[in-house]
$ cat final_38.txt   # compact mmCIF, C-alpha atoms
# COMPACT_ATOMS: atom_id res chain seq x y z
CA MET Y 12 -14.47 -0.75 1.92
CA HIS Y 13 -11.19 -2.39 1.00
CA GLU Y 14 -11.45 -4.33 4.27
CA LEU Y 15 -13.13 -7.20 2.39
CA ALA Y 16 -10.02 -7.54 0.22
CA VAL Y 17 -7.89 -7.51 3.37
CA ALA Y 18 -10.16 -10.13 4.99
CA GLN Y 19 -9.79 -12.36 1.92
CA ALA Y 20 -6.01 -12.00 2.07
CA LEU Y 21 -6.14 -12.86 5.78
CA VAL Y 22 -8.16 -16.05 5.18
CA GLU Y 23 -5.77 -17.10 2.40
CA GLN Y 24 -2.82 -16.65 4.75
CA VAL Y 25 -4.49 -18.59 7.54
CA GLU Y 26 -5.23 -21.41 5.08
CA ALA Y 27 -1.55 -21.40 4.08
CA VAL Y 28 -0.50 -21.58 7.74
CA ILE Y 29 -2.81 -24.55 8.28
CA ASP Y 30 -1.45 -26.32 5.19
CA GLN Y 31 2.12 -25.74 6.32
CA HIS Y 32 1.36 -26.91 9.82
CA ALA Y 33 -0.59 -29.95 8.69
CA ALA Y 34 2.18 -30.97 6.29
CA SER Y 35 4.81 -30.87 9.02
CA HIS Y 36 2.75 -32.43 11.80
CA ASP Y 37 0.53 -35.04 10.26
CA HIS Y 38 2.26 -38.13 9.09
CA ASP Y 39 -1.08 -39.37 7.98
CA ALA Y 40 -1.79 -37.07 5.05
CA SER Y 41 -5.46 -37.98 4.96
CA SER Y 42 -6.07 -36.30 8.31
CA SER Y 43 -4.71 -32.88 7.21
CA ASP Y 44 -8.22 -31.58 6.65
CA ALA Y 45 -8.99 -32.01 10.33
CA TRP Y 46 -7.03 -28.92 11.37
CA GLN Y 47 -8.94 -25.68 11.64
CA ALA Y 48 -8.22 -22.22 13.06
CA SER Y 49 -9.76 -21.43 16.43
CA LEU Y 50 -8.19 -18.03 17.08
CA ILE Y 51 -6.61 -15.52 14.69
CA ARG Y 52 -4.64 -12.64 16.17
CA VAL Y 53 -3.86 -9.60 14.02
CA ARG Y 54 -2.08 -6.37 14.89
CA ILE Y 55 -3.37 -3.24 13.18
CA GLY Y 56 -2.11 0.30 13.66
CA PRO Y 57 -4.29 3.31 12.86
CA LEU Y 58 -1.92 4.30 10.02
CA ALA Y 59 -2.36 0.98 8.22
CA GLY Y 60 -5.56 2.33 6.70
CA VAL Y 61 -7.59 -0.69 7.80
CA VAL Y 62 -10.42 -0.29 10.31
CA PRO Y 63 -10.56 -3.22 12.76
CA ASP Y 64 -14.36 -3.04 13.15
CA LEU Y 65 -14.87 -3.16 9.38
CA LEU Y 66 -12.39 -6.00 9.04
CA ALA Y 67 -14.28 -7.86 11.78
CA SER Y 68 -17.56 -7.51 9.89
CA ALA Y 69 -15.99 -8.49 6.55
CA PHE Y 70 -14.20 -11.50 8.03
CA PRO Y 71 -17.20 -13.91 8.23
CA LEU Y 72 -17.93 -13.26 4.52
CA ALA Y 73 -14.35 -14.03 3.53
CA ALA Y 74 -14.03 -17.00 5.90
CA ALA Y 75 -17.29 -18.78 4.96
CA GLY Y 76 -16.53 -22.34 3.94
CA SER Y 77 -12.84 -22.07 4.84
CA ARG Y 78 -10.95 -23.61 7.72
CA ALA Y 79 -11.01 -20.18 9.37
CA GLU Y 80 -14.79 -20.14 9.44
CA HIS Y 81 -15.14 -20.88 13.16
CA ALA Y 82 -12.17 -18.84 14.31
CA VAL Y 83 -12.36 -15.91 16.70
CA LEU Y 84 -10.69 -12.82 15.24
CA GLU Y 85 -8.73 -10.94 17.87
CA PHE Y 86 -7.15 -7.51 17.42
CA ALA Y 87 -4.03 -6.18 19.07
CA HIS Y 88 -4.05 -2.42 18.75
CA ALA Y 89 -0.80 -0.65 18.00
CA PRO Y 90 -0.63 2.93 19.32
CA VAL Y 91 1.00 5.57 17.13
CA GLN Y 92 4.54 6.28 18.35
CA VAL Y 93 7.18 8.41 16.66
CA ARG Y 94 10.93 8.77 17.14
CA CYS Y 95 12.26 12.29 16.63
CA GLN Y 96 15.23 12.51 14.27
CA THR Y 97 16.19 15.86 15.79
CA CYS Y 98 16.01 15.32 19.56
CA GLY Y 99 15.73 11.53 19.68
CA ALA Y 100 12.65 11.43 21.92
CA GLU Y 101 10.06 8.68 21.46
CA THR Y 102 6.57 10.01 22.00
CA ALA Y 103 2.93 9.17 21.35
CA ALA Y 104 1.29 11.00 18.45
CA ALA Y 105 -2.09 11.47 16.83
CA MET Y 106 -2.39 9.83 13.41
CA ASN Y 107 -2.67 13.17 11.61
CA ARG Y 108 -0.10 14.96 13.74
CA LEU Y 109 3.04 12.86 13.64
CA ILE Y 110 5.26 15.52 15.15
CA CYS Y 111 7.63 15.07 18.10
CA GLY Y 112 5.79 15.39 21.42
CA ALA Y 113 8.94 16.71 23.08
CA CYS Y 114 10.36 19.34 20.70
CA GLY Y 115 7.59 19.70 18.11
CA ASP Y 116 9.79 18.92 15.09
CA TRP Y 117 8.11 17.11 12.17
CA HIS Y 118 11.22 15.16 11.17
CA THR Y 119 10.06 11.99 12.84
CA GLN Y 120 9.96 8.31 12.06
CA ILE Y 121 7.02 6.03 12.82
CA ILE Y 122 8.07 3.30 15.24
CA SER Y 123 4.59 1.95 15.89
CA GLY Y 124 1.13 2.48 14.45
CA ASP Y 125 1.47 1.43 10.80
CA GLU Y 126 1.39 -2.33 11.38
CA LEU Y 127 -0.85 -4.66 9.43
CA LEU Y 128 0.31 -8.03 10.72
CA LEU Y 129 -1.00 -11.53 11.12
CA GLU Y 130 0.57 -12.24 14.51
CA SER Y 131 -0.47 -15.78 15.25
CA VAL Y 132 -3.02 -18.46 14.58
CA GLU Y 133 -4.27 -21.05 17.04
CA LEU Y 134 -5.17 -24.33 15.48
CA GLU Y 135 -7.27 -27.19 16.74
CA THR Y 136 -8.30 -30.53 15.44
CA THR Y 137 -11.72 -32.03 15.60
CA PRO Y 138 -11.29 -34.90 18.13
CA THR Y 139 -13.20 -37.45 16.06
CA LEU Y 140 -10.88 -36.85 13.13
CA THR Y 141 -7.55 -37.19 14.93
CA PRO Y 142 -6.62 -40.85 15.15
CA ASN Y 143 -3.29 -40.13 16.94
CA SER Y 144 -4.37 -37.91 19.82
CA MET J 7 16.10 -13.27 7.47
CA CYS J 8 14.51 -11.66 10.48
CA ASP J 9 12.32 -12.42 13.45
CA THR J 10 9.33 -10.37 12.43
CA CYS J 11 7.87 -11.61 9.18
CA GLY J 12 8.18 -15.36 9.49
CA CYS J 13 10.86 -15.68 6.82
CA ASN J 14 13.20 -17.27 9.33
CA LEU J 15 10.98 -20.31 9.72
CA THR J 16 12.53 -23.28 7.97
CA PRO J 17 11.48 -26.91 7.86
CA GLY J 18 14.31 -27.55 10.35
CA ASN J 19 13.21 -25.12 13.06
CA LYS J 20 9.52 -24.82 12.38
CA HIS J 21 8.54 -27.10 15.27
CA LEU J 22 10.12 -24.59 17.67
CA ALA J 23 7.64 -21.90 16.65
CA PHE J 24 4.62 -23.97 17.63
CA LYS J 25 3.58 -23.75 21.24
CA PRO J 26 1.03 -26.16 22.64
CA VAL J 27 -2.04 -24.35 23.95
CA ALA J 28 -4.52 -27.01 24.97
CA LYS J 29 -5.01 -30.61 24.09
CA GLY J 30 -5.75 -30.80 20.40
CA ALA J 31 -4.84 -27.12 19.86
CA THR J 32 -1.65 -25.44 18.64
CA ALA J 33 -0.58 -21.82 18.38
CA VAL J 34 1.35 -20.86 15.27
CA SER J 35 3.32 -17.64 15.36
CA VAL J 36 3.18 -16.01 11.92
CA LEU J 37 4.10 -12.31 12.16
CA LYS J 38 3.60 -11.74 8.47
CA GLY J 39 2.15 -8.69 6.76
CA LEU J 40 -1.55 -9.23 6.11
CA LEU J 41 -1.13 -8.19 2.51
CA ALA J 42 1.90 -10.41 1.93
CA LYS J 43 0.42 -11.91 -1.24
CA ASN J 44 -0.24 -8.49 -2.74
CA ASP J 45 3.24 -7.36 -1.70
CA ASP J 46 4.85 -10.39 -3.39
CA GLN J 47 2.99 -9.61 -6.60
CA ALA J 48 3.99 -5.94 -6.28
CA ALA J 49 7.64 -6.93 -5.95
CA HIS J 50 7.25 -9.02 -9.09
CA ASN J 51 5.74 -6.05 -10.96
CA ARG J 52 8.61 -3.86 -9.77
CA GLU J 53 11.07 -6.40 -11.21
CA HIS J 54 9.26 -6.13 -14.56
CA PHE J 55 9.71 -2.35 -14.47
CA ASP J 56 13.32 -2.42 -13.30
CA ARG J 57 14.35 -4.97 -15.91
CA ARG J 58 13.12 -2.58 -18.60
CA GLY J 59 14.41 0.56 -16.88
CA ILE J 60 10.86 1.91 -16.55
CA LEU J 61 9.91 4.47 -13.90
CA ALA J 62 6.45 3.58 -12.51
CA ILE J 63 4.39 6.29 -10.84
CA ASN J 64 1.12 5.76 -8.97
CA LEU J 65 -1.21 8.78 -9.15
CA MET J 66 -3.71 8.99 -6.31
CA SER J 67 -6.33 11.57 -5.33
CA SER J 68 -10.03 12.03 -4.76
CA PRO J 69 -12.26 11.78 -7.84
CA GLY J 70 -12.24 14.94 -9.91
CA SER J 71 -9.02 16.48 -8.65
CA GLY J 72 -7.53 16.43 -12.13
CA LYS J 73 -5.43 13.27 -12.48
CA THR J 74 -6.40 12.68 -16.10
CA ALA J 75 -6.10 16.37 -17.03
CA LEU J 76 -2.62 16.39 -15.46
CA LEU J 77 -1.69 13.32 -17.49
CA GLU J 78 -2.99 14.87 -20.73
CA ALA J 79 -0.88 17.98 -20.21
CA THR J 80 2.15 15.98 -19.05
CA LEU J 81 2.04 13.55 -21.98
CA THR J 82 1.75 16.42 -24.43
CA ALA J 83 4.72 18.22 -22.87
CA LEU J 84 6.93 15.11 -22.80
CA LYS J 85 5.84 13.81 -26.23
CA ASP J 86 9.17 14.38 -27.97
CA GLU J 87 11.31 13.52 -24.97
CA PHE J 88 10.10 10.20 -23.53
CA THR J 89 7.86 7.27 -24.35
CA CYS J 90 5.10 7.06 -21.78
CA ALA J 91 2.34 4.55 -21.13
CA VAL J 92 -0.68 4.76 -18.87
CA ILE J 93 -2.78 2.32 -16.85
CA GLU J 94 -6.17 3.77 -15.94
CA GLY J 95 -8.23 2.52 -13.03
CA ASP J 96 -11.94 3.29 -12.76
CA LEU J 97 -15.04 1.52 -11.55
CA GLU J 98 -16.59 1.83 -14.98
CA THR J 99 -16.09 3.20 -18.51
CA GLU J 100 -13.18 3.36 -20.92
CA ASN J 101 -13.40 7.18 -20.96
CA ASP J 102 -10.05 7.98 -19.34
CA ALA J 103 -8.08 5.53 -21.47
CA GLU J 104 -9.69 7.06 -24.56
CA ARG J 105 -8.62 10.54 -23.44
CA ILE J 106 -5.04 9.29 -23.10
CA ARG J 107 -5.09 7.45 -26.46
CA ALA J 108 -6.28 10.68 -28.08
CA LYS J 109 -2.85 12.05 -27.14
CA GLY J 110 -1.22 9.21 -29.10
CA VAL J 111 -0.11 7.40 -25.94
CA GLN J 112 -0.65 3.72 -25.16
CA ALA J 113 -3.28 3.27 -22.45
CA HIS J 114 -4.91 0.28 -20.81
CA GLN J 115 -8.12 0.69 -18.84
CA ILE J 116 -8.73 -1.44 -15.76
CA VAL J 117 -12.43 -1.53 -14.97
CA THR J 118 -12.70 -2.53 -11.33
CA GLY J 119 -16.48 -2.99 -11.21
CA THR J 120 -17.12 -2.09 -7.61
CA ALA J 121 -13.60 -2.35 -6.22
CA CYS J 122 -12.42 0.91 -4.68
CA HIS J 123 -8.69 0.52 -5.41
CA LEU J 124 -6.17 -1.11 -7.72
CA ASP J 125 -4.07 -3.97 -6.39
CA ALA J 126 -0.84 -5.55 -7.61
CA HIS J 127 -2.65 -8.41 -9.36
CA LEU J 128 -4.87 -6.09 -11.39
CA VAL J 129 -1.80 -4.11 -12.46
CA HIS J 130 0.06 -7.29 -13.37
CA ASP J 131 -2.83 -8.45 -15.59
CA ALA J 132 -2.87 -5.02 -17.23
CA LEU J 133 0.89 -5.21 -17.92
CA HIS J 134 0.27 -8.35 -19.96
CA HIS J 135 -2.03 -6.38 -22.25
CA MET J 136 0.59 -3.72 -22.87
CA ASN J 137 3.71 -3.38 -24.95
CA LEU J 138 6.35 -2.13 -22.52
CA ASP J 139 9.22 -2.10 -25.03
CA GLY J 140 10.91 1.27 -25.03
CA VAL J 141 8.63 2.74 -22.38
CA ASP J 142 10.39 5.26 -20.12
CA ILE J 143 7.63 6.25 -17.69
CA LEU J 144 4.51 4.28 -16.78
CA PHE J 145 1.78 6.25 -15.06
CA ILE J 146 -0.77 4.27 -13.08
CA GLU J 147 -3.86 6.38 -12.46
CA ASN J 148 -5.47 4.80 -9.43
CA VAL J 149 -9.18 4.81 -8.67
CA GLY J 150 -10.22 8.25 -7.41
CA ASN J 151 -10.35 7.65 -3.67
CA LEU J 152 -8.38 9.15 -0.77
CA VAL J 153 -8.70 6.07 1.43
CA CYS J 154 -8.20 2.58 0.03
CA PRO J 155 -5.51 2.93 -2.67
CA ALA J 156 -2.97 4.00 -0.03
CA SER J 157 -2.91 0.51 1.50
CA PHE J 158 -1.97 -1.46 -1.63
CA ASP J 159 1.52 -1.58 -3.13
CA LEU J 160 1.28 -1.94 -6.93
CA GLY J 161 4.98 -2.23 -7.67
CA GLN J 162 5.36 1.47 -8.39
CA HIS J 163 8.51 3.40 -7.48
CA LEU J 164 6.77 6.62 -6.49
CA ASN J 165 3.42 7.79 -5.18
CA VAL J 166 2.16 11.15 -6.36
CA THR J 167 -0.89 12.49 -4.53
CA LEU J 168 -2.98 15.30 -6.02
CA LEU J 169 -4.98 17.78 -3.99
CA SER J 170 -7.10 20.22 -5.97
CA VAL J 171 -7.61 23.63 -4.43
CA THR J 172 -11.40 23.22 -4.55
CA GLU J 173 -11.19 20.41 -1.99
CA GLY J 174 -10.00 22.14 1.16
CA ASP J 175 -6.49 22.66 2.52
CA ASP J 176 -6.98 20.32 5.51
CA LYS J 177 -7.29 17.16 3.38
CA PRO J 178 -3.85 15.86 4.50
CA ALA J 179 -5.03 16.07 8.14
CA LYS J 180 -8.31 14.32 7.29
CA TYR J 181 -6.75 11.53 5.19
CA PRO J 182 -3.35 10.98 6.85
CA VAL J 183 -2.80 7.45 5.55
CA MET J 184 -3.02 8.62 1.95
CA PHE J 185 -0.92 11.78 2.29
CA ARG J 186 1.73 10.08 4.40
CA ALA J 187 2.30 7.78 1.42
CA ALA J 188 3.02 10.63 -1.00
CA ASP J 189 6.50 11.04 -2.52
CA ALA J 190 5.24 14.29 -4.03
CA MET J 191 2.08 16.30 -3.43
CA LEU J 192 0.62 18.33 -6.28
CA LEU J 193 -1.75 21.18 -5.55
CA THR J 194 -3.84 21.27 -8.73
CA LYS J 195 -6.22 23.77 -10.36
CA THR J 196 -4.28 26.65 -8.79
CA ASP J 197 -5.75 29.00 -11.43
CA LEU J 198 -8.93 28.83 -9.33
CA LEU J 199 -7.18 30.16 -6.21
CA ALA J 200 -8.06 33.67 -7.33
CA VAL J 201 -11.78 32.97 -6.88
CA LEU J 202 -11.48 30.80 -3.75
CA ASP J 203 -10.98 32.51 -0.42
CA ASP J 204 -10.78 29.41 1.75
CA PHE J 205 -7.80 27.46 0.41
CA ASP J 206 -4.37 28.36 1.74
CA PRO J 207 -1.59 26.42 -0.06
CA ASP J 208 0.80 27.06 2.83
CA LYS J 209 -1.66 25.47 5.25
CA ALA J 210 -1.99 22.43 3.00
CA GLU J 211 1.79 22.09 3.05
CA ALA J 212 1.88 22.51 6.85
CA HIS J 213 -0.68 19.71 7.23
CA LEU J 214 1.54 17.50 5.09
CA ARG J 215 4.59 18.26 7.26
CA ASN J 216 2.54 17.33 10.33
CA LEU J 217 2.50 13.82 8.87
CA ALA J 218 6.31 13.82 9.05
CA ASN J 219 6.36 13.82 5.25
CA PRO J 220 9.22 15.75 3.59
CA ALA J 221 7.79 15.29 0.07
CA PRO J 222 8.04 18.25 -2.33
CA VAL J 223 4.84 20.23 -2.85
CA MET J 224 4.24 21.61 -6.34
CA ARG J 225 1.50 24.05 -7.26
CA LEU J 226 0.15 23.84 -10.78
CA SER J 227 -2.73 24.15 -13.17
CA ALA J 228 -2.66 21.62 -16.00
CA ARG J 229 -5.46 23.34 -17.93
CA LYS J 230 -3.90 26.81 -17.75
CA ASP J 231 -0.31 25.54 -18.04
CA LEU J 232 0.80 27.13 -14.77
CA GLY J 233 3.65 25.65 -12.71
CA MET J 234 4.01 22.64 -15.00
CA GLU J 235 7.76 23.16 -15.48
CA ALA J 236 8.61 22.23 -11.85
CA TRP J 237 6.56 19.02 -12.15
CA LEU J 238 8.17 18.08 -15.48
CA ALA J 239 11.63 18.80 -14.04
CA TRP J 240 10.81 16.56 -11.06
CA LEU J 241 9.76 13.76 -13.45
CA ARG J 242 13.01 14.08 -15.43
CA GLU J 243 15.00 14.01 -12.20
CA GLN J 244 13.14 10.91 -10.98
CA LEU J 245 13.61 9.09 -14.29
CA ALA J 246 17.35 9.84 -14.15
CA ALA J 247 17.43 8.52 -10.57
CA GLN J 248 15.58 5.37 -11.62
CA ARG J 249 18.05 4.76 -14.46
CA ALA J 250 20.94 5.22 -12.04
CA ARG J 251 19.34 2.67 -9.68
CA VAL J 252 18.75 0.18 -12.48
CA ALA J 253 22.38 0.55 -13.61
CA THR J 254 23.53 -0.54 -10.15
CA GLY J 255 20.89 -3.25 -9.74
CA GLN J 256 18.87 -1.35 -7.15
CA SER J 257 15.23 -0.46 -6.86
CA ARG J 258 13.03 1.83 -4.85
CA ARG J 259 9.72 1.48 -3.11
CA PRO J 260 7.46 4.41 -2.24
CA ALA J 261 8.70 6.18 0.88
CA ILE J 262 6.03 4.82 3.17
CA GLN J 263 6.79 1.20 2.48
CA SER J 264 10.55 1.47 2.83
CA ASP J 265 9.99 3.29 6.09
CA GLY J 266 8.01 0.36 7.43
CA VAL J 267 10.61 -2.11 6.22
CA LYS J 268 13.34 -0.10 7.94
CA TYR J 269 11.47 -0.18 11.20
CA HIS J 270 10.56 -3.84 11.11
CA ASN J 271 14.14 -4.82 10.33
CA ALA J 272 15.51 -2.53 13.02
CA THR J 273 13.47 -4.22 15.73
CA ALA J 274 14.08 -7.74 14.56
$ encode --input "final_38.txt" --output "structure tokens"
Amino acid sequence: MHELAVAQALVEQVEAVIDQHAASHDHDASSSDAWQASLIRVRIGPLAGVVPDLLASAFPLAAAGSRAEHAVLEFAHAPVQVRCQTCGAETAAAMNRLICGACGDWHTQIISGDELLLESVELETTPTLTPNS
Amino acid sequence: MCDTCGCNLTPGNKHLAFKPVAKGATAVSVLKGLLAKNDDQAAHNREHFDRRGILAINLMSSPGSGKTALLEATLTALKDEFTCAVIEGDLETENDAERIRAKGVQAHQIVTGTACHLDAHLVHDALHHMNLDGVDILFIENVGNLVCPASFDLGQHLNVTLLSVTEGDDKPAKYPVMFRAADAMLLTKTDLLAVLDDFDPDKAEAHLRNLANPAPVMRLSARKDLGMEAWLAWLREQLAAQRARVATGQSRRPAIQSDGVKYHNATA
């Protein structure tokens, strides 16, 4: 269950994104707390070793009390794809059979399926706390 | 600088990355590895090692496959040749560190409590409890677990994954994330092959190749001193390679990570 550790890292990164965004957008520093995440999009491939369902259940624990607390966590799934170094074909593969789908050679390179990425964060402000909007 | 990880965002162009979504809402494109903080710490650890010319090796396997026994035999064999040090990771007890210290080798035990893996921060804290002067090879014995440790970079140069012959030759197919990360796979306790009729070392190797992993496979028994010479020769070779890298200001990450970096840069 290392997904909790991953969820904590995710919340930290979202907090950092909010800080960065607030610093560049709010001239009134006192309103920076008003930003919060509404949607968090992550891309996880099967070979990343992180299970999206487990991350989804760990997320509320990690996000409690943070500015990501009310955010929806959305997953973009990355199918496993390999590029053959022998014949050059790009084919789909099973995560425990990363061989070329065209010629069967095992000298392949993963081109998709090992991602563990924070893609984007949607931020919103609470209307009562945004004097400028 | 690239277009995938967010490192190209500067204070000057940052506003271009924000797209309005609805009134009062903003989308921020990040595209950063979820474990970026761990990876930064791992890079820092790697700098520690490289500055001192140390080769750092992360040992991973299921519990009971013989990581500590392998270390005991390895440290004894290399005693007069190199200075080694060991970081032990376990949920509880100081037992493994004590076994290493009994060999006259410096060891620091990380007790993770309930955590199922080591991360770069735990290793960094451990490094501050150790004297790294004159150390040639640092072994990091990860928590026995074929799942979680594979996802966390510690700053090591190489991953070595053990598979004992009592476990089943299809383990690489069952735990692909772990075995894909291996820079070398050791089949351990091979002295027991004689009494096991269901473990085929060639099949284990074939399962590893199915993960597109070209890592060398070495068969050994630490307890019975079988096949240890190939493993020790590999270690010597890797230490020489690490010293050559350090001399030219280069470093190395375990194969799996550099593969990912290659891909993400290529598509930027």
$ closest_atom_pairs --input "final_38.txt" --of "chain Y" --to "chain J" --cutoff "8 Å" --atoms "all atoms listed in the file" --output "CSV"
residue,atom,partner,partner_atom,distance
Y:Met12,CA,J:Cys122,CA,7.1
Y:His13,CA,J:Cys154,CA,5.9
Y:Val17,CA,J:Leu41,CA,6.8
Y:Ala20,CA,J:Leu41,CA,6.2
Y:Leu21,CA,J:Leu40,CA,5.9
Y:Gln24,CA,J:Leu40,CA,7.6
Y:Val28,CA,J:Val34,CA,7.8
Y:Ser35,CA,J:Pro17,CA,7.8
Y:Leu58,CA,J:Val183,CA,5.5
Y:Ala59,CA,J:Ser157,CA,6.8
Y:Gly60,CA,J:Val183,CA,5.9
Y:Val61,CA,J:Ser157,CA,7.9
Y:Met106,CA,J:Pro182,CA,6.7
Y:Asn107,CA,J:Ala179,CA,5.1
Y:Arg108,CA,J:Asn216,CA,4.9
Y:Leu109,CA,J:Leu217,CA,4.9
Y:Ile110,CA,J:Asn216,CA,5.8
Y:Trp117,CA,J:Ala218,CA,4.9
Y:His118,CA,J:Ala218,CA,5.5
Y:Thr119,CA,J:Ala218,CA,5.6
Y:Gln120,CA,J:Ala218,CA,7.3
Y:Ile121,CA,J:Tyr269,CA,7.8
Y:Ile122,CA,J:Tyr269,CA,6.3
Y:Asp125,CA,J:Gly266,CA,7.4
Y:Glu126,CA,J:Gly39,CA,7.9
Y:Leu127,CA,J:Gly39,CA,5.7
Y:Leu128,CA,J:Gly39,CA,4.4
Y:Leu129,CA,J:Leu37,CA,5.3
Y:Glu130,CA,J:Leu37,CA,4.2
Y:Ser131,CA,J:Ser35,CA,4.2
Y:Val132,CA,J:Val34,CA,5.0
Y:Glu133,CA,J:Ala33,CA,4.0
Y:Leu134,CA,J:Thr32,CA,4.9
Y:Glu135,CA,J:Ala31,CA,4.0
Y:Thr136,CA,J:Gly30,CA,5.6
Y:Thr137,CA,J:Gly30,CA,7.8
Y:Pro138,CA,J:Gly30,CA,7.3
Y:Ser144,CA,J:Gly30,CA,7.3
$ residues_around --input "final_38.txt" --residues "stretch 94-97 of chain J" --least-positions-apart "5" --cutoff "10 Å" --atoms "all atoms listed in the file" --output "PyMOL selection string"
chain J and resi 65+69+74+102-104+106+113-124+128-129+132+145-150
$ residues_around --input "final_38.txt" --residues "Y:Gly99" --least-positions-apart "6" --cutoff "10 Å" --atoms "only C-alpha atoms" --output "PDB file with C-alpha atoms, in the frame of the given file"
ATOM      1  CA  VAL Y  93       7.180   8.410  16.660  1.00  0.00           C
ATOM      2  CA  CYS Y 111       7.630  15.070  18.100  1.00  0.00           C
ATOM      3  CA  ALA Y 113       8.940  16.710  23.080  1.00  0.00           C
ATOM      4  CA  CYS Y 114      10.360  19.340  20.700  1.00  0.00           C
ATOM      5  CA  THR Y 119      10.060  11.990  12.840  1.00  0.00           C
TER       6      THR Y 119
END
$ residues_around --input "final_38.txt" --residues "stretch 70-85 of chain Y" --least-positions-apart "2" --cutoff "8 Å" --atoms "only C-alpha atoms" --output "PyMOL selection string"
chain Y and resi 15+18-19+22+25-26+46-53+66-68+87
$ atom_distance --input "final_38.txt" --atom1 "atom CA of Y:Ala69" --atom2 "atom CA of Y:Ala33"
26.5 Å
$ atom_distance --input "final_38.txt" --atom1 "atom CA of J:Asn64" --atom2 "atom CA of J:Leu199"
25.9 Å
$ atom_distance --input "final_38.txt" --atom1 "atom CA of J:Leu152" --atom2 "atom CA of J:Leu198"
21.5 Å
$ closest_residue --input "final_38.txt" --among "Y:Ile55, Y:Cys95, Y:Ala45, Y:Leu65" --to "Y:Ala16" --atoms "only C-alpha atoms"
Y:Leu65
$ axis_aligned_box --input "final_38.txt" --around "stretch 116-132 of chain Y" --padding-each-side "3 Å" --output "JSON"
{"center_x": 4.1, "center_y": 0.2, "center_z": 12.7, "size_x": 20.2, "size_y": 43.4, "size_z": 12.5}
$ residues_around --input "final_38.txt" --residues "J:Ser227" --least-positions-apart "5" --cutoff "8 Å" --atoms "only C-alpha atoms" --output "ChimeraX atom specification"
/J:194-197,232-234
$ closest_residue --input "final_38.txt" --among "J:Thr167, J:Gln47, J:Asn101, J:Thr89" --to "J:Asn151" --atoms "all atoms listed in the file"
J:Thr167
$ closest_residue --input "final_38.txt" --among "J:Ala79, J:Leu61, J:Ala190, J:Ala49" --to "J:Lys230" --atoms "all atoms listed in the file"
J:Ala79
$ residues_around --input "final_38.txt" --residues "J:Pro207" --least-positions-apart "6" --cutoff "10 Å" --atoms "all atoms listed in the file" --output "PyMOL selection string"
chain J and resi 171+174-176+193+196+199+213+223-225
